Amino acid sequence: IMEAGIPKGLTFANVYSVGNSAQMGVEEIVKHMDENFNPETDSKVKLLYLETIDKPQMLLKHAASLIRKGCRIAAIKAGSSEAGSRAASSHTGALAGSDVAVDALFRKAGIVRCYGREDLISVASVFMRPELKGKRIAIITHAGGPAVMLTDALSNGGMEVPNITGKAADKLKAELFPGSSVANPIDFLATGTAEQLGTIIDYVENDFDNIDAMVVIFGTPGLFEIFDVYKVLNEKMKTCQKPIFPVLPSILTAEKEVKDFVEKGRIYFPDEVVLGNALSRISATPPPVTENIELPTVDGKAIREIIENVVDGYLHPEKVQQLLDAAGIARAKENVVSKLSDAIAAAKETGYPLVMKVVGPVHKSDVGGVVLNVKNEQSLQTEFERMIKIKDTTGILLQPMLSGTELFAGIKKEDKFGHLILFGLGGIFIEVLKDVRAVLAPAGIDEIAAEIKKLNSYKIIEGVRGNEGVNEAMFAEIIARLSALAKAAPEIIEMDLNPLLGTQKQVVAVDARIRIEK
């Protein structure tokens, strides 16, 4: 890592190695840094490499504390392949694994996750510049190709490359060679001069209010020296309020000039796409969550009484209903029956149309154990007699037929990390799209609401093409109630609410499954 960073101008204050972590791990080092932090003398940029996280709560506490004190932390967590995650029977278990937990932990702490040495060094190099306060980047270049690739990297990462227009833009263009473009990327051609670069930077700094930072890409085929260009770049980096990130790709043809730039105390980026990805990842990493997380109120006494009087494994639907009620999670009215006569009586009470589901099999749809829109007693009788014969079926669950957007929320207990709360689109979409966000419990409403907006399917939740959206506040509250439930009942190791049906007026659990292990 050091050999990747030092040639680019990155310097190191301290290096800690814990070997095989037999006595002390990275977590203890971070704790030591936090408890002994001196803002006057300590480096405010911390880089971590971890292969295991044995004490996630210690890492969370002290990494978040350091960041609140003004530090910035990036980390590689190796060993993230799916082969390392254990198999599980429920949707939640299959979607969650230790790497999902690591992502959730890093987000909660405010740690920027990296995936290799160059990635880590690039993020660290960004950290060494003034903090980027927005997402709007001006790309200044004399070569079109790298600017296009950087634009793609930034745009795909959620950053912005705003169009630059207006009188100031026209005035700038008049000071450049014919054929130059100022639309953003600002391309001042291969014949562009050091003086023109300085002029462009001044305009971006002083006249373009829709720009938060600059990336300057400048290399050379080696036909002439470019000391003057890098001298201007160095001087502008001293005086500009907007951060400037220099991409100097000609590390061979401009070896002397790059070395001189580094000797002035500067850090450079050799690859524009790696820089673009680093900027995007930093921007997407939220600050540490608040230390005092407020959870919705649940009936803890009732929850404990239920948990203490059941055996390990999947809970009977009646107990699941009781836990949902104690947690304050709205659910569809339902009855579990094992006799046809009871089914007919329950249907008359609930009213048609109905949904019928087998009780017993884990994946009901796979065995033909779910029937929708049962409209009359004849259909009820036919389906009951078929479904009760399905292998492992102990009863039939009857519910009113509801409508809405199918959502998902669940709990997964991850070894050492505690409970993960997962959520996204429900029904079969969770298996096909795997568009799921995860937060580490305890999780409050604000943290959850921010993660809901990061779902790829968020526009469906908002409502698209005339379709009714979902009440996001109600959805977020149900997820927060799962966090409160996990706190009250740590014995829960897996839980699915799949689907939840959401409209603008309500979000209701239609199917729920809970597995406990004492």
# chains A, B, ... in the order shown; residues from 1 in each chain; ligands from 1
call {"tool": "select_by_dssp", "arguments": {"residues": "segment 10-177 of chain A", "states": "strand (DSSP E)", "output": "count of residues only"}}
result
20
call {"tool": "closest_atom_pairs", "arguments": {"of": "segment 122-191 of chain A", "to": "segment 234-243 of chain A", "cutoff": "10 Å", "atoms": "only C-alpha atoms", "output": "tab-separated table"}}
result
residue	atom	partner	partner_atom	distance
A:Val126	CA	A:Pro243	CA	9.3
A:Arg129	CA	A:Pro243	CA	6.5
A:Pro130	CA	A:Pro243	CA	5.8
A:Glu131	CA	A:Pro243	CA	7.4
A:Leu132	CA	A:Pro243	CA	6.7
A:Lys133	CA	A:Lys242	CA	8.9
A:Ile137	CA	A:Pro243	CA	9.8
call {"tool": "write_last_selection", "arguments": {"atoms": "N, CA and C atoms", "output": "compact mmCIF listing (two decimals), in the first residue's frame"}}
result
# COMPACT_ATOMS: atom_id res chain seq x y z
N VAL A 126 -7.61 11.75 -2.37
CA VAL A 126 -8.72 12.72 -2.36
C VAL A 126 -8.88 13.30 -0.95
N ARG A 129 -6.90 16.44 -0.06
CA ARG A 129 -7.31 17.74 -0.59
C ARG A 129 -8.43 18.31 0.29
N PRO A 130 -8.73 19.61 0.17
CA PRO A 130 -9.88 20.16 0.90
C PRO A 130 -11.14 19.36 0.62
N GLU A 131 -11.99 19.24 1.61
CA GLU A 131 -13.17 18.39 1.48
C GLU A 131 -14.11 18.90 0.39
N LEU A 132 -14.55 17.98 -0.46
CA LEU A 132 -15.49 18.29 -1.53
C LEU A 132 -16.87 18.49 -0.92
N LYS A 133 -17.48 19.67 -1.15
CA LYS A 133 -18.75 20.02 -0.51
C LYS A 133 -19.97 19.73 -1.38
N ILE A 137 -18.75 18.63 -10.79
CA ILE A 137 -17.33 18.62 -11.15
C ILE A 137 -17.12 19.26 -12.52
call {"tool": "closest_atom_pairs", "arguments": {"of": "segment 297-345 of chain A", "to": "segment 371-382 of chain A", "cutoff": "12 Å", "atoms": "only C-alpha atoms", "output": "CSV"}}
result
residue,atom,partner,partner_atom,distance
A:Lys339,CA,A:Gln381,CA,10.4
A:Leu340,CA,A:Gln381,CA,6.9
A:Ser341,CA,A:Gln381,CA,9.2
A:Asp342,CA,A:Gln381,CA,11.0
A:Ala343,CA,A:Leu380,CA,8.0
A:Ile344,CA,A:Glu377,CA,6.9
A:Ala345,CA,A:Glu377,CA,10.0
call {"tool": "closest_residue", "arguments": {"among": "A:Lys77, A:Lys364, A:Arg72, A:Lys31", "to": "Gly116 of chain A", "atoms": "only C-alpha atoms"}}
result
A:Lys77
call {"tool": "residues_around", "arguments": {"residues": "Ile303 of chain A", "least_positions_apart": "6", "cutoff": "8 Å", "atoms": "only C-alpha atoms", "output": "VMD selection string"}}
result
chain A and resid 323 326 to 327 485 488 to 489
call {"tool": "write_last_selection", "arguments": {"atoms": "N, CA and C atoms", "output": "JSON list (two decimals), in the first residue's frame"}}
result
[["chain", "number", "residue", "atom", "x", "y", "z"],
["A", 323, "LEU", "N", -46.34, -11.56, 17.77],
["A", 323, "LEU", "CA", -45.12, -10.75, 17.78],
["A", 323, "LEU", "C", -45.29, -9.49, 16.94],
["A", 326, "ALA", "N", -47.31, -7.08, 18.93],
["A", 326, "ALA", "CA", -46.53, -6.51, 20.02],
["A", 326, "ALA", "C", -45.51, -5.49, 19.53],
["A", 327, "ALA", "N", -45.04, -5.69, 18.29],
["A", 327, "ALA", "CA", -44.07, -4.75, 17.70],
["A", 327, "ALA", "C", -44.76, -3.57, 17.03],
["A", 485, "LEU", "N", -37.79, -4.60, 17.43],
["A", 485, "LEU", "CA", -38.13, -5.99, 17.73],
["A", 485, "LEU", "C", -36.87, -6.83, 17.93],
["A", 488, "ALA", "N", -35.50, -6.20, 21.32],
["A", 488, "ALA", "CA", -36.29, -6.83, 22.38],
["A", 488, "ALA", "C", -36.20, -8.34, 22.35],
["A", 489, "ALA", "N", -35.96, -8.91, 21.17],
["A", 489, "ALA", "CA", -35.91, -10.36, 21.00],
["A", 489, "ALA", "C", -34.66, -10.74, 20.22]]
call {"tool": "residues_around", "arguments": {"residues": "segment 460-463 of chain A", "least_positions_apart": "4", "cutoff": "12 Å", "atoms": "only C-alpha atoms", "output": "JSON, numbers by chain"}}
result
{"A": [404, 405, 406, 407, 408, 424, 425, 426, 452, 453, 454, 455, 456, 467, 468, 469, 470, 471, 472, 473, 474, 475, 476, 501, 502, 503, 504, 507]}
call {"tool": "write_last_selection", "arguments": {"atoms": "N, CA and C atoms", "output": "PDB file, in the first residue's frame"}}
result
ATOM      1  N   GLY A 404     -51.615  -3.505  -3.658  1.00  0.00           N
ATOM      2  CA  GLY A 404     -50.584  -2.514  -3.360  1.00  0.00           C
ATOM      3  C   GLY A 404     -49.252  -2.953  -3.949  1.00  0.00           C
ATOM      4  N   THR A 405     -48.239  -2.128  -3.796  1.00  0.00           N
ATOM      5  CA  THR A 405     -46.886  -2.469  -4.249  1.00  0.00           C
ATOM      6  C   THR A 405     -46.276  -3.474  -3.282  1.00  0.00           C
ATOM      7  N   GLU A 406     -45.730  -4.565  -3.839  1.00  0.00           N
ATOM      8  CA  GLU A 406     -45.124  -5.588  -2.985  1.00  0.00           C
ATOM      9  C   GLU A 406     -43.762  -5.118  -2.488  1.00  0.00           C
ATOM     10  N   LEU A 407     -43.605  -5.101  -1.172  1.00  0.00           N
ATOM     11  CA  LEU A 407     -42.368  -4.699  -0.510  1.00  0.00           C
ATOM     12  C   LEU A 407     -41.846  -5.849   0.330  1.00  0.00           C
ATOM     13  N   PHE A 408     -40.630  -5.684   0.788  1.00  0.00           N
ATOM     14  CA  PHE A 408     -39.993  -6.706   1.629  1.00  0.00           C
ATOM     15  C   PHE A 408     -39.253  -6.022   2.771  1.00  0.00           C
ATOM     16  N   GLY A 424     -36.546  -3.827   0.678  1.00  0.00           N
ATOM     17  CA  GLY A 424     -36.568  -3.508  -0.749  1.00  0.00           C
ATOM     18  C   GLY A 424     -37.917  -3.866  -1.333  1.00  0.00           C
ATOM     19  N   LEU A 425     -37.964  -4.114  -2.641  1.00  0.00           N
ATOM     20  CA  LEU A 425     -39.174  -4.613  -3.267  1.00  0.00           C
ATOM     21  C   LEU A 425     -39.409  -6.048  -2.832  1.00  0.00           C
ATOM     22  N   GLY A 426     -40.692  -6.457  -2.771  1.00  0.00           N
ATOM     23  CA  GLY A 426     -41.014  -7.782  -2.243  1.00  0.00           C
ATOM     24  C   GLY A 426     -41.455  -8.762  -3.309  1.00  0.00           C
ATOM     25  N   ILE A 452     -33.648   3.813   1.900  1.00  0.00           N
ATOM     26  CA  ILE A 452     -34.770   3.514   0.993  1.00  0.00           C
ATOM     27  C   ILE A 452     -34.565   4.247  -0.328  1.00  0.00           C
ATOM     28  N   LYS A 453     -34.121   5.490  -0.255  1.00  0.00           N
ATOM     29  CA  LYS A 453     -33.931   6.299  -1.461  1.00  0.00           C
ATOM     30  C   LYS A 453     -32.789   5.783  -2.335  1.00  0.00           C
ATOM     31  N   LYS A 454     -31.931   4.924  -1.803  1.00  0.00           N
ATOM     32  CA  LYS A 454     -30.812   4.378  -2.578  1.00  0.00           C
ATOM     33  C   LYS A 454     -31.191   3.099  -3.323  1.00  0.00           C
ATOM     34  N   LEU A 455     -32.398   2.593  -3.111  1.00  0.00           N
ATOM     35  CA  LEU A 455     -32.841   1.404  -3.841  1.00  0.00           C
ATOM     36  C   LEU A 455     -32.904   1.712  -5.330  1.00  0.00           C
ATOM     37  N   ASN A 456     -32.447   0.781  -6.156  1.00  0.00           N
ATOM     38  CA  ASN A 456     -32.559   0.959  -7.608  1.00  0.00           C
ATOM     39  C   ASN A 456     -34.018   1.075  -8.031  1.00  0.00           C
ATOM     40  N   ASN A 467     -48.908   5.010 -11.634  1.00  0.00           N
ATOM     41  CA  ASN A 467     -49.166   4.030 -10.583  1.00  0.00           C
ATOM     42  C   ASN A 467     -48.959   4.670  -9.207  1.00  0.00           C
ATOM     43  N   GLU A 468     -49.816   4.283  -8.275  1.00  0.00           N
ATOM     44  CA  GLU A 468     -49.728   4.824  -6.930  1.00  0.00           C
ATOM     45  C   GLU A 468     -48.429   4.384  -6.260  1.00  0.00           C
ATOM     46  N   GLY A 469     -47.788   5.297  -5.583  1.00  0.00           N
ATOM     47  CA  GLY A 469     -46.574   4.977  -4.865  1.00  0.00           C
ATOM     48  C   GLY A 469     -46.867   4.437  -3.474  1.00  0.00           C
ATOM     49  N   VAL A 470     -45.806   4.314  -2.685  1.00  0.00           N
ATOM     50  CA  VAL A 470     -45.878   3.766  -1.332  1.00  0.00           C
ATOM     51  C   VAL A 470     -45.656   4.895  -0.329  1.00  0.00           C
ATOM     52  N   ASN A 471     -46.331   4.832   0.781  1.00  0.00           N
ATOM     53  CA  ASN A 471     -46.097   5.782   1.863  1.00  0.00           C
ATOM     54  C   ASN A 471     -44.740   5.463   2.490  1.00  0.00           C
ATOM     55  N   GLU A 472     -43.721   6.257   2.127  1.00  0.00           N
ATOM     56  CA  GLU A 472     -42.347   5.962   2.561  1.00  0.00           C
ATOM     57  C   GLU A 472     -42.190   6.058   4.071  1.00  0.00           C
ATOM     58  N   ALA A 473     -42.886   6.994   4.682  1.00  0.00           N
ATOM     59  CA  ALA A 473     -42.775   7.162   6.137  1.00  0.00           C
ATOM     60  C   ALA A 473     -43.278   5.907   6.856  1.00  0.00           C
ATOM     61  N   MET A 474     -44.392   5.340   6.377  1.00  0.00           N
ATOM     62  CA  MET A 474     -44.921   4.118   6.982  1.00  0.00           C
ATOM     63  C   MET A 474     -43.983   2.940   6.755  1.00  0.00           C
ATOM     64  N   PHE A 475     -43.420   2.855   5.546  1.00  0.00           N
ATOM     65  CA  PHE A 475     -42.477   1.780   5.237  1.00  0.00           C
ATOM     66  C   PHE A 475     -41.258   1.891   6.147  1.00  0.00           C
ATOM     67  N   ALA A 476     -40.713   3.103   6.281  1.00  0.00           N
ATOM     68  CA  ALA A 476     -39.535   3.317   7.138  1.00  0.00           C
ATOM     69  C   ALA A 476     -39.857   2.984   8.593  1.00  0.00           C
ATOM     70  N   LEU A 501     -47.603  -5.122   1.613  1.00  0.00           N
ATOM     71  CA  LEU A 501     -48.308  -4.426   0.548  1.00  0.00           C
ATOM     72  C   LEU A 501     -48.414  -2.958   0.921  1.00  0.00           C
ATOM     73  N   GLY A 502     -47.900  -2.095   0.038  1.00  0.00           N
ATOM     74  CA  GLY A 502     -47.843  -0.684   0.345  1.00  0.00           C
ATOM     75  C   GLY A 502     -48.652   0.170  -0.611  1.00  0.00           C
ATOM     76  N   THR A 503     -49.392   1.115  -0.061  1.00  0.00           N
ATOM     77  CA  THR A 503     -50.078   2.153  -0.816  1.00  0.00           C
ATOM     78  C   THR A 503     -49.755   3.480  -0.150  1.00  0.00           C
ATOM     79  N   GLN A 504     -50.362   4.550  -0.625  1.00  0.00           N
ATOM     80  CA  GLN A 504     -50.173   5.844   0.017  1.00  0.00           C
ATOM     81  C   GLN A 504     -50.844   5.901   1.381  1.00  0.00           C
ATOM     82  N   VAL A 507     -49.216   0.501   4.836  1.00  0.00           N
ATOM     83  CA  VAL A 507     -48.240  -0.552   4.521  1.00  0.00           C
ATOM     84  C   VAL A 507     -48.543  -1.695   5.472  1.00  0.00           C
TER      85      VAL A 507
END
call {"tool": "residues_around", "arguments": {"residues": "Phe127 of chain A", "least_positions_apart": "5", "cutoff": "10 Å", "atoms": "only C-alpha atoms", "output": "VMD selection string"}}
result
chain A and resid 44 to 46 71 to 74 121 to 122 132 278 to 279 282
call {"tool": "closest_residue", "arguments": {"among": "A:Leu398, A:Ile514, A:Leu422, A:Ala190", "to": "Ala438 of chain A", "atoms": "only C-alpha atoms"}}
result
A:Leu422
call {"tool": "closest_residue", "arguments": {"among": "A:Leu482, A:Thr285, A:Lys256, A:Gly351", "to": "Asp103 of chain A", "atoms": "only C-alpha atoms"}}
result
A:Thr285
call {"tool": "closest_residue", "arguments": {"among": "A:Pro317, A:Pro400, A:Pro353, A:Pro221", "to": "Ala512 of chain A", "atoms": "only C-alpha atoms"}}
result
A:Pro317
call {"tool": "decode", "arguments": {"residues": "segment 135-222 of chain A", "atoms": "C-alpha atoms", "output": "short mmCIF file (atom, residue, chain, number, x, y, z; two decimals), in the first residue's frame"}}
result
data_model
loop_
_atom_site.label_atom_id
_atom_site.label_comp_id
_atom_site.auth_asym_id
_atom_site.auth_seq_id
_atom_site.Cartn_x
_atom_site.Cartn_y
_atom_site.Cartn_z
CA LYS A 135 -21.17 16.71 -6.48
CA ARG A 136 -20.66 19.11 -9.40
CA ILE A 137 -17.33 18.62 -11.15
CA ALA A 138 -15.65 20.62 -13.92
CA ILE A 139 -13.31 18.55 -16.08
CA ILE A 140 -10.45 20.57 -17.57
CA THR A 141 -8.49 18.71 -20.22
CA HIS A 142 -6.44 18.97 -23.36
CA ALA A 143 -7.29 15.40 -24.42
CA GLY A 144 -10.82 14.31 -25.24
CA GLY A 145 -10.68 10.56 -24.51
CA PRO A 146 -9.73 10.67 -20.82
CA ALA A 147 -12.34 13.38 -20.24
CA VAL A 148 -15.06 11.19 -21.75
CA MET A 149 -14.05 8.23 -19.58
CA LEU A 150 -13.97 10.42 -16.46
CA THR A 151 -17.38 11.86 -17.31
CA ASP A 152 -18.79 8.34 -17.54
CA ALA A 153 -17.20 7.29 -14.24
CA LEU A 154 -18.51 10.36 -12.41
CA SER A 155 -22.01 10.15 -13.89
CA ASN A 156 -22.32 6.41 -13.22
CA GLY A 157 -21.21 7.04 -9.64
CA GLY A 158 -23.87 9.64 -8.90
CA MET A 159 -21.71 12.72 -9.44
CA GLU A 160 -22.56 15.57 -11.83
CA VAL A 161 -20.69 17.14 -14.75
CA PRO A 162 -22.90 20.23 -15.28
CA ASN A 163 -23.18 22.01 -18.59
CA ILE A 164 -21.40 25.38 -18.49
CA THR A 165 -23.08 28.20 -20.42
CA GLY A 166 -23.65 31.94 -20.24
CA LYS A 167 -21.71 35.15 -20.75
CA ALA A 168 -18.74 34.06 -18.63
CA ALA A 169 -18.48 30.82 -20.62
CA ASP A 170 -18.57 32.75 -23.90
CA LYS A 171 -15.89 35.12 -22.62
CA LEU A 172 -13.68 32.20 -21.56
CA LYS A 173 -14.08 30.52 -24.94
CA ALA A 174 -12.91 33.70 -26.66
CA GLU A 175 -9.62 33.50 -24.73
CA LEU A 176 -8.90 29.95 -25.94
CA PHE A 177 -7.77 28.62 -29.32
CA PRO A 178 -10.47 28.12 -32.00
CA GLY A 179 -12.07 24.69 -31.67
CA SER A 180 -11.88 24.66 -27.88
CA SER A 181 -14.99 23.71 -25.89
CA VAL A 182 -16.10 25.14 -22.56
CA ALA A 183 -19.37 23.22 -22.21
CA ASN A 184 -17.83 20.78 -19.65
CA PRO A 185 -15.58 18.98 -20.15
CA ILE A 186 -13.59 22.14 -20.85
CA ASP A 187 -11.30 20.99 -23.66
CA PHE A 188 -8.59 23.50 -24.57
CA LEU A 189 -6.98 21.18 -27.14
CA ALA A 190 -3.57 19.52 -27.39
CA THR A 191 -2.09 22.91 -28.28
CA GLY A 192 -3.39 24.50 -25.06
CA THR A 193 -0.88 26.45 -23.00
CA ALA A 194 -0.04 26.84 -19.31
CA GLU A 195 -1.41 30.38 -19.42
CA GLN A 196 -4.72 29.13 -20.81
CA LEU A 197 -4.93 26.49 -18.08
CA GLY A 198 -4.53 29.21 -15.45
CA THR A 199 -7.22 31.29 -17.11
CA ILE A 200 -9.64 28.36 -17.19
CA ILE A 201 -9.06 27.56 -13.52
CA ASP A 202 -9.68 31.21 -12.60
CA TYR A 203 -13.00 31.23 -14.46
CA VAL A 204 -14.12 27.98 -12.82
CA GLU A 205 -13.09 29.28 -9.40
CA ASN A 206 -14.68 32.71 -9.67
CA ASP A 207 -17.38 32.72 -12.35
CA PHE A 208 -19.05 29.31 -12.53
CA ASP A 209 -21.24 28.94 -9.44
CA ASN A 210 -22.59 25.57 -10.57
CA ILE A 211 -19.17 23.94 -10.04
CA ASP A 212 -17.89 22.56 -6.72
CA ALA A 213 -14.49 21.15 -7.75
CA MET A 214 -12.16 20.68 -10.69
CA VAL A 215 -10.32 17.76 -12.22
CA VAL A 216 -7.39 18.83 -14.41
CA ILE A 217 -6.14 16.22 -16.88
CA PHE A 218 -2.82 17.12 -18.50
CA GLY A 219 -0.22 14.84 -20.02
CA THR A 220 2.18 14.95 -22.95
CA PRO A 221 3.42 12.74 -25.78
CA GLY A 222 6.94 13.88 -24.80
#
